[in-house]
Each structure stands twice: as structure tokens, then as C-alpha cells.
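Structure file run.csv with CSV, C-alpha atoms:
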chain,number,residue,atom,x,y,z
X,1,GLY,CA,6.5,-10.9,2.6
X,2,ILE,CA,4.5,-7.7,3.1
X,3,GLN,CA,0.8,-8.1,3.4
X,4,VAL,CA,-1.6,-5.6,1.9
X,5,GLU,CA,-5.2,-5.6,3.1
X,6,GLN,CA,-8.0,-3.4,1.8
X,7,SER,CA,-11.3,-2.7,3.4
X,8,PRO,CA,-14.2,-2.9,2.9
X,9,PRO,CA,-14.1,-5.7,0.3
X,10,ASP,CA,-17.4,-4.6,-1.2
X,11,LEU,CA,-19.3,-1.3,-0.9
X,12,ILE,CA,-22.6,-0.1,-2.3
X,13,LEU,CA,-23.4,3.6,-2.3
X,14,GLN,CA,-26.2,5.8,-3.4
X,15,GLU,CA,-25.2,8.4,-5.9
X,16,GLY,CA,-24.0,11.5,-4.0
X,17,ALA,CA,-22.8,9.7,-0.9
X,18,ASN,CA,-19.3,9.9,0.4
X,19,SER,CA,-17.0,7.0,1.3
X,20,THR,CA,-13.6,6.1,2.7
X,21,LEU,CA,-11.5,3.1,1.5
X,22,ARG,CA,-8.7,1.8,3.6
X,23,CYS,CA,-5.4,0.2,2.7
X,24,ASN,CA,-3.3,-1.4,5.5
X,25,PHE,CA,0.2,-2.7,4.9
X,26,SER,CA,2.3,-4.8,7.2
X,27,ASP,CA,5.8,-3.4,6.6
X,28,SER,CA,7.5,-0.2,5.7
X,29,VAL,CA,7.1,1.1,2.1
X,30,ASN,CA,8.8,3.4,-0.3
X,31,ASN,CA,5.8,4.3,-2.2
X,32,LEU,CA,2.1,3.7,-2.6
X,33,GLN,CA,-0.3,4.0,-5.5
X,34,TRP,CA,-4.1,4.0,-5.7
X,35,PHE,CA,-5.8,2.7,-8.9
X,36,HIS,CA,-9.4,2.5,-10.1
X,37,GLN,CA,-10.1,-0.5,-12.4
X,38,ASN,CA,-13.1,0.3,-14.6
X,39,PRO,CA,-15.5,-2.4,-15.7
X,40,TRP,CA,-13.4,-2.9,-18.9
X,41,GLY,CA,-10.3,-3.8,-16.9
X,42,GLN,CA,-8.3,-0.6,-17.4
X,43,LEU,CA,-6.3,0.4,-14.4
X,44,ILE,CA,-6.5,4.2,-14.0
X,45,ASN,CA,-3.9,6.0,-11.9
X,46,LEU,CA,-5.5,7.9,-9.1
X,47,PHE,CA,-2.7,8.8,-6.7
X,48,TYR,CA,1.0,8.2,-6.2
X,49,ILE,CA,1.3,9.0,-2.6
X,50,PRO,CA,4.1,7.7,-0.4
X,51,SER,CA,3.1,10.0,2.4
X,52,GLY,CA,0.9,13.0,3.1
X,53,THR,CA,-2.4,14.1,1.5
X,54,LYS,CA,-3.3,14.8,-2.1
X,55,GLN,CA,-6.5,15.9,-3.7
X,56,ASN,CA,-7.8,15.5,-7.2
X,57,GLY,CA,-11.3,16.8,-7.7
X,58,ARG,CA,-13.8,14.7,-5.7
X,59,LEU,CA,-11.0,12.3,-4.7
X,60,SER,CA,-8.4,12.7,-2.1
X,61,ALA,CA,-5.9,10.3,-0.5
X,62,THR,CA,-3.9,10.3,2.7
X,63,THR,CA,-1.0,8.0,3.5
X,64,VAL,CA,0.4,7.8,7.0
X,65,ALA,CA,3.5,5.7,6.4
X,66,THR,CA,4.6,5.5,10.0
X,67,GLU,CA,1.3,3.9,10.9
X,68,ARG,CA,1.2,1.8,7.7
X,69,TYR,CA,-2.0,2.8,6.2
X,70,SER,CA,-3.5,4.8,3.4
X,71,LEU,CA,-7.1,6.2,2.9
X,72,LEU,CA,-8.9,7.0,-0.3
X,73,TYR,CA,-11.8,9.4,0.1
X,74,ILE,CA,-14.5,9.6,-2.5
X,75,SER,CA,-17.0,12.5,-2.1
X,76,SER,CA,-20.3,13.0,-4.0
X,77,SER,CA,-20.0,9.6,-5.6
X,78,GLN,CA,-21.2,9.1,-9.2
X,79,THR,CA,-22.1,6.0,-11.1
X,80,THR,CA,-18.9,6.3,-13.1
X,81,ASP,CA,-17.0,5.8,-9.8
X,82,SER,CA,-18.1,2.1,-9.9
X,83,GLY,CA,-15.4,-0.5,-10.3
X,84,VAL,CA,-12.6,-1.9,-8.2
X,85,TYR,CA,-10.1,0.3,-6.2
X,86,PHE,CA,-6.7,-1.1,-5.6
X,87,CYS,CA,-3.8,0.1,-3.6
X,88,ALA,CA,-0.3,-1.1,-4.4
X,89,VAL,CA,2.8,-0.7,-2.3
X,90,ASP,CA,6.5,-0.7,-3.0
X,91,PRO,CA,8.1,-2.5,-0.1
X,92,LEU,CA,11.1,-0.8,1.5
X,93,THR,CA,13.1,-4.0,1.8
X,94,SER,CA,12.1,-5.7,-1.5
X,95,GLY,CA,15.1,-4.6,-3.6
X,96,THR,CA,13.2,-5.5,-6.7
X,97,TYR,CA,10.8,-3.8,-9.0
X,98,LYS,CA,7.8,-5.2,-7.3
X,99,TYR,CA,4.6,-3.4,-6.4
X,100,ILE,CA,2.4,-5.6,-4.2
X,101,PHE,CA,-1.3,-5.1,-4.8
X,102,GLY,CA,-4.1,-5.4,-2.3
X,103,THR,CA,-7.2,-7.5,-3.0
X,104,GLY,CA,-9.2,-4.4,-3.8
X,105,THR,CA,-12.5,-2.8,-2.8
X,106,ARG,CA,-15.4,-3.4,-5.2
X,107,LEU,CA,-17.5,-0.2,-5.3
X,108,LYS,CA,-21.0,0.0,-6.9
X,109,VAL,CA,-22.7,3.4,-7.0
X,110,LEU,CA,-26.4,3.3,-7.6
X,111,ALA,CA,-28.3,6.0,-9.5
O,112,GLU,CA,-5.1,6.5,-21.4
O,113,THR,CA,-3.1,5.9,-24.6
O,114,GLY,CA,0.3,5.9,-23.0
O,115,VAL,CA,0.5,2.1,-22.9
O,116,THR,CA,-1.3,0.1,-25.6
O,117,GLN,CA,-1.9,-3.6,-25.7
O,118,THR,CA,-3.0,-5.9,-28.5
O,119,PRO,CA,-5.1,-7.9,-28.9
O,120,ARG,CA,-7.7,-6.8,-26.4
O,121,HIS,CA,-9.3,-10.3,-26.4
O,122,LEU,CA,-7.9,-13.6,-27.3
O,123,VAL,CA,-9.4,-17.1,-27.3
O,124,MET,CA,-6.9,-20.0,-27.9
O,125,GLY,CA,-6.8,-23.7,-27.7
O,126,MET,CA,-4.3,-25.5,-25.5
O,127,THR,CA,-2.1,-26.4,-28.4
O,128,ASN,CA,-1.9,-23.0,-30.0
O,129,LYS,CA,1.0,-20.5,-29.9
O,130,LYS,CA,0.1,-16.8,-29.7
O,131,SER,CA,1.7,-13.6,-28.6
O,132,LEU,CA,0.6,-10.6,-26.6
O,133,LYS,CA,2.0,-7.2,-27.5
O,134,CYS,CA,2.6,-4.1,-25.4
O,135,GLU,CA,3.9,-0.8,-26.5
O,136,GLN,CA,4.5,2.3,-24.3
O,137,HIS,CA,4.7,5.8,-25.6
O,138,LEU,CA,5.9,7.4,-22.3
O,139,GLY,CA,9.6,7.2,-22.8
O,140,HIS,CA,9.9,4.8,-19.8
O,141,ASN,CA,12.7,2.4,-19.3
O,142,ALA,CA,11.0,-0.4,-17.4
O,143,MET,CA,8.1,-2.6,-18.5
O,144,TYR,CA,6.1,-5.2,-16.6
O,145,TRP,CA,3.7,-8.1,-17.2
O,146,TYR,CA,1.0,-8.8,-14.6
O,147,LYS,CA,-1.7,-11.5,-14.5
O,148,GLN,CA,-5.1,-10.8,-13.0
O,149,SER,CA,-7.2,-13.9,-12.3
O,150,ALA,CA,-10.8,-13.7,-11.0
O,151,LYS,CA,-11.1,-12.8,-7.4
O,152,LYS,CA,-7.2,-12.5,-7.0
O,153,PRO,CA,-4.9,-9.6,-6.6
O,154,LEU,CA,-2.7,-8.7,-9.5
O,155,GLU,CA,0.4,-10.9,-9.7
O,156,LEU,CA,3.6,-9.7,-11.2
O,157,MET,CA,5.0,-12.0,-13.8
O,158,PHE,CA,8.0,-10.4,-15.4
O,159,VAL,CA,10.0,-7.2,-15.2
O,160,TYR,CA,12.3,-5.7,-17.7
O,161,ASN,CA,14.5,-2.8,-16.8
O,162,PHE,CA,16.7,-1.1,-19.3
O,163,LYS,CA,15.7,-4.1,-21.6
O,164,GLU,CA,17.1,-6.6,-19.2
O,165,GLN,CA,14.9,-9.1,-17.4
O,166,THR,CA,15.3,-8.3,-13.7
O,167,GLU,CA,12.4,-10.3,-12.3
O,168,ASN,CA,10.8,-13.7,-13.1
O,169,ASN,CA,8.2,-14.3,-10.5
O,170,SER,CA,8.3,-18.2,-10.7
O,171,VAL,CA,6.3,-18.1,-13.9
O,172,PRO,CA,5.8,-21.4,-15.9
O,173,SER,CA,7.9,-21.7,-19.0
O,174,ARG,CA,4.8,-21.8,-21.2
O,175,PHE,CA,5.0,-18.0,-20.8
O,176,SER,CA,8.0,-16.5,-22.5
O,177,PRO,CA,8.6,-12.7,-22.4
O,178,GLU,CA,10.6,-10.7,-25.0
O,179,CYS,CA,11.7,-7.1,-24.7
O,180,PRO,CA,13.4,-6.1,-28.0
O,181,ASN,CA,13.7,-2.4,-26.9
O,182,SER,CA,12.5,-0.2,-24.1
O,183,SER,CA,9.2,0.6,-25.8
O,184,HIS,CA,8.0,-2.9,-26.7
O,185,LEU,CA,7.2,-5.9,-24.6
O,186,PHE,CA,5.8,-9.3,-25.8
O,187,LEU,CA,4.5,-12.3,-24.0
O,188,HIS,CA,4.7,-15.4,-26.0
O,189,LEU,CA,2.2,-18.1,-25.1
O,190,HIS,CA,2.6,-21.8,-25.8
O,191,THR,CA,0.6,-24.9,-24.7
O,192,LEU,CA,-1.4,-23.0,-22.1
O,193,GLN,CA,-3.8,-24.5,-19.6
O,194,PRO,CA,-7.4,-23.4,-19.0
O,195,GLU,CA,-6.3,-22.1,-15.6
O,196,ASP,CA,-4.2,-19.6,-17.5
O,197,SER,CA,-7.3,-17.8,-18.6
O,198,ALA,CA,-7.1,-14.3,-17.1
O,199,LEU,CA,-6.6,-10.6,-17.8
O,200,TYR,CA,-3.0,-9.9,-18.7
O,201,LEU,CA,-1.9,-6.4,-18.0
O,202,CYS,CA,1.2,-4.6,-19.2
O,203,ALA,CA,2.7,-1.6,-17.3
O,204,SER,CA,5.6,0.8,-17.6
O,205,SER,CA,7.5,3.2,-15.4
O,206,GLN,CA,10.6,5.3,-15.4
O,207,GLU,CA,13.2,3.8,-13.1
O,208,GLY,CA,16.5,5.1,-11.8
O,209,ARG,CA,19.2,2.9,-10.3
O,210,GLY,CA,18.0,3.5,-6.7
O,211,ALA,CA,15.7,1.4,-4.5
O,212,VAL,CA,12.7,3.7,-4.7
O,213,HIS,CA,10.3,2.7,-7.5
O,214,ASN,CA,8.3,5.2,-9.5
O,215,GLU,CA,4.7,5.4,-10.6
O,216,GLN,CA,3.5,2.6,-12.9
O,217,PHE,CA,1.1,3.2,-15.8
O,218,PHE,CA,-1.0,0.3,-17.1
O,219,GLY,CA,-2.3,-0.7,-20.5
O,220,PRO,CA,-5.9,-1.7,-21.0
O,221,GLY,CA,-5.1,-5.5,-20.8
O,222,THR,CA,-5.7,-8.5,-22.9
O,223,ARG,CA,-8.5,-10.8,-21.8
O,224,LEU,CA,-7.3,-14.3,-22.5
O,225,THR,CA,-9.5,-17.4,-22.6
O,226,VAL,CA,-7.9,-20.8,-23.0
O,227,LEU,CA,-10.2,-23.6,-24.1
Kindly return the structure encoded in the file as C-alpha cells.
Amino acid sequence: GIQVEQSPPDLILQEGANSTLRCNFSDSVNNLQWFHQNPWGQLINLFYIPSGTKQNGRLSATTVATERYSLLYISSSQTTDSGVYFCAVDPLTSGTYKYIFGTGTRLKVLA
Amino acid sequence: ETGVTQTPRHLVMGMTNKKSLKCEQHLGHNAMYWYKQSAKKPLELMFVYNFKEQTENNSVPSRFSPECPNSSHLFLHLHTLQPEDSALYLCASSQEGRGAVHNEQFFGPGTRLTVL
């Protein structure tokens, strides 16, 4: 099946710093989502981005489907950005309602 | 996010207990999902209901039994669980068509389950 790898696995930033999180996938996909899981476990939708670039405030994402990767940019990070960031892909060939999740990037933003 | 709610938020149960997790979505979606998140592991899809029919059972042990009485409600009935079943159980919903492309999923806050 499709493999979804995220990097880096862990990231520590000083408040105000910028960062780039990466999601690589091993096969073609229909769709891709980015989520932020807060310390209480809630998964918050960030982007639904099968291709192209989207921006939402300090966050933006780019998916290059032909090269099988997506990037999540966080600018001017804040302590509330701490948590785990997951990408999830909808494989092109799956035929089922199955998003495959990566292992996540654990981000800690220090004040 | 109040579009998808889950109860209870925390549950501690013994291995001989029977309990149920409840999920309700207020988004008018037609597909609902149960995921399991264990420590240090990616989210694992357990069950999918689309148009109230179970369309996916991802090799889940029979001690987990889903029920979807309508498109807004989803239950996970638990029976004789094992300590390794302790995890965060997440419910999600989406609006799906009949095609192969799947739409955005929205998650509830999860139930943190501890099996003693």
C-alpha cells in the first residue's frame, strides 16, 4: 500500500520562527489533508489541498502531486501552534473511503 | 469545532465491562468513520459507514462492534477489551458522492479509553 512519510519527526522552535513541514507519499493521490492535533487530542483541519497552494493566515500549504509531496509552512510561530501535525492522503487506487495518515511532526514552540 | 461531538471524552473500563462510545455529527454528512490512535502510531481507520452501510472493516477484532442507526449517529460498542486497546478513539465525518474521490473529513474531539 501507499507509504506516507513526514519530516522532521520532531521540531522545536523559538516563538516567532518560521518552519516547513514535509509530507512525502509513495503513490498517486486524489486528495490530501493537513491537520493539527492539539494537546487535548482534537484534530483541527488546516488544509484540504490535492494540488496547488493555499494560504490561511500564518499558515500555507503547497502540494505538488506529480512529485508526490506536500509542504506546510508555519510563519511567525506561536506557542499555540504546538502539537502534532499530520498529513493524510486519499490514494488514487484505493477504491475505498480510506485516508492514510502519516506518522506526524511533533512541534513545540517555546516562549 | 462543534460539528462532530463524541461522548464520553474519557472512559476507564475493566476487561469484563461492556461500554459504548457515541459520535454525532451536525454537518449533514453521509459518511462516518471510527479511527484508533495509539501512542506513537499513525491514526488507524477501523470502520467506515457510507449512506448508513458499513463499507469498510479494517480487520478490527470482534470485541469492537460498530452501529450506525442513521447518517448522524455512530456508536462503537466495546466488549471484553484488552489493555492494548487503550487508545484515543476518534470519530470523523465527510460528505461523499458515489465517485472515487473522497472529500474532506472532519473529526470529533475523541474519547480517551483506558482498559485496566
* X:Leu72, X:Cys23, X:Leu32, X:Ala111: which is nearest chain O, counting only C-alpha atoms? ->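 Checking each candidate against chain O, we get X:Leu32 as the closest.
Put simply, CA of Gly219 in chain O is 16.3 Å away from CA of Phe101 in chain X.
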Could you pull the residues within 8 Å of Leu224 in chain O, counting all atoms listed in the file, minus those fewer than 5 positions along the same chain, as a PDB file with C-alpha atoms, in the frame of the given file?
ATOM      1  CA  HIS O 121      -9.300 -10.300 -26.400  1.00  0.00           C
ATOM      2  CA  LEU O 122      -7.900 -13.600 -27.300  1.00  0.00           C
ATOM      3  CA  VAL O 123      -9.400 -17.100 -27.300  1.00  0.00           C
ATOM      4  CA  MET O 124      -6.900 -20.000 -27.900  1.00  0.00           C
ATOM      5  CA  ASP O 196      -4.200 -19.600 -17.500  1.00  0.00           C
ATOM      6  CA  SER O 197      -7.300 -17.800 -18.600  1.00  0.00           C
ATOM      7  CA  ALA O 198      -7.100 -14.300 -17.100  1.00  0.00           C
ATOM      8  CA  LEU O 199      -6.600 -10.600 -17.800  1.00  0.00           C
ATOM      9  CA  TYR O 200      -3.000  -9.900 -18.700  1.00  0.00           C
TER      10      TYR O 200
END
* Have a look at X:Asn24, X:Thr63, X:Gln33, X:Thr53 and name the one nearest to Phe86 in chain X; count all atoms listed in the file. =>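 Nearest to Phe86 in chain X: X:Gln33.
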If we draw a sphere of 7 Å around (-7.2, -21.7, -18.1), which residues have at least one atom in it when counting only C-alpha atoms? Please report them as a PDB file with C-alpha atoms, in the frame of the given file.
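Result file point13.pdb:
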ATOM      1  CA  GLN O 193      -3.800 -24.500 -19.600  1.00  0.00           C
ATOM      2  CA  PRO O 194      -7.400 -23.400 -19.000  1.00  0.00           C
ATOM      3  CA  GLU O 195      -6.300 -22.100 -15.600  1.00  0.00           C
ATOM      4  CA  ASP O 196      -4.200 -19.600 -17.500  1.00  0.00           C
ATOM      5  CA  SER O 197      -7.300 -17.800 -18.600  1.00  0.00           C
ATOM      6  CA  THR O 225      -9.500 -17.400 -22.600  1.00  0.00           C
ATOM      7  CA  VAL O 226      -7.900 -20.800 -23.000  1.00  0.00           C
ATOM      8  CA  LEU O 227     -10.200 -23.600 -24.100  1.00  0.00           C
TER       9      LEU O 227
END
* Contact set, chain O to chain X: 9 Å, only C-alpha atoms, as a PyMOL selection string -> chain O and resi 112+151-156+159+161+166-167+199+201+207+211-223
* Separation of CA of Gly83 in chain X and CA of Thr105 in chain X, in Å? -> 8.4 Å
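Computed from the coordinates, the CA of Ala150 in chain O to CA of Leu110 in chain X distance equals 23.3 Å.
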* Asked: So which one's closest to Gln148 in chain O, O:Cys202, O:His184, O:Cys179, O:Cys134? Using all atoms listed in the file, please.
  -> O:Cys202
* So which one's closest to Glu164 in chain O, O:Lys147, O:Ser204, O:Pro180, O:Met126? Using only C-alpha atoms, please. ->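 Selected residue with least distance to Glu164 in chain O: O:Pro180.
Of the listed residues (O:Leu192, O:Leu187, O:Ala203, O:Leu132), O:Ala203 comes nearest to Tyr144 in chain O; the distances count all atoms listed in the file.
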* Asked: Hey, what's within 10 Å of Asp10 in chain X if we count all atoms listed in the file and toss same-chain stuff fewer than 4 positions away? As a VMD selection string, please?
  -> chain X and resid 6 84 104 to 108
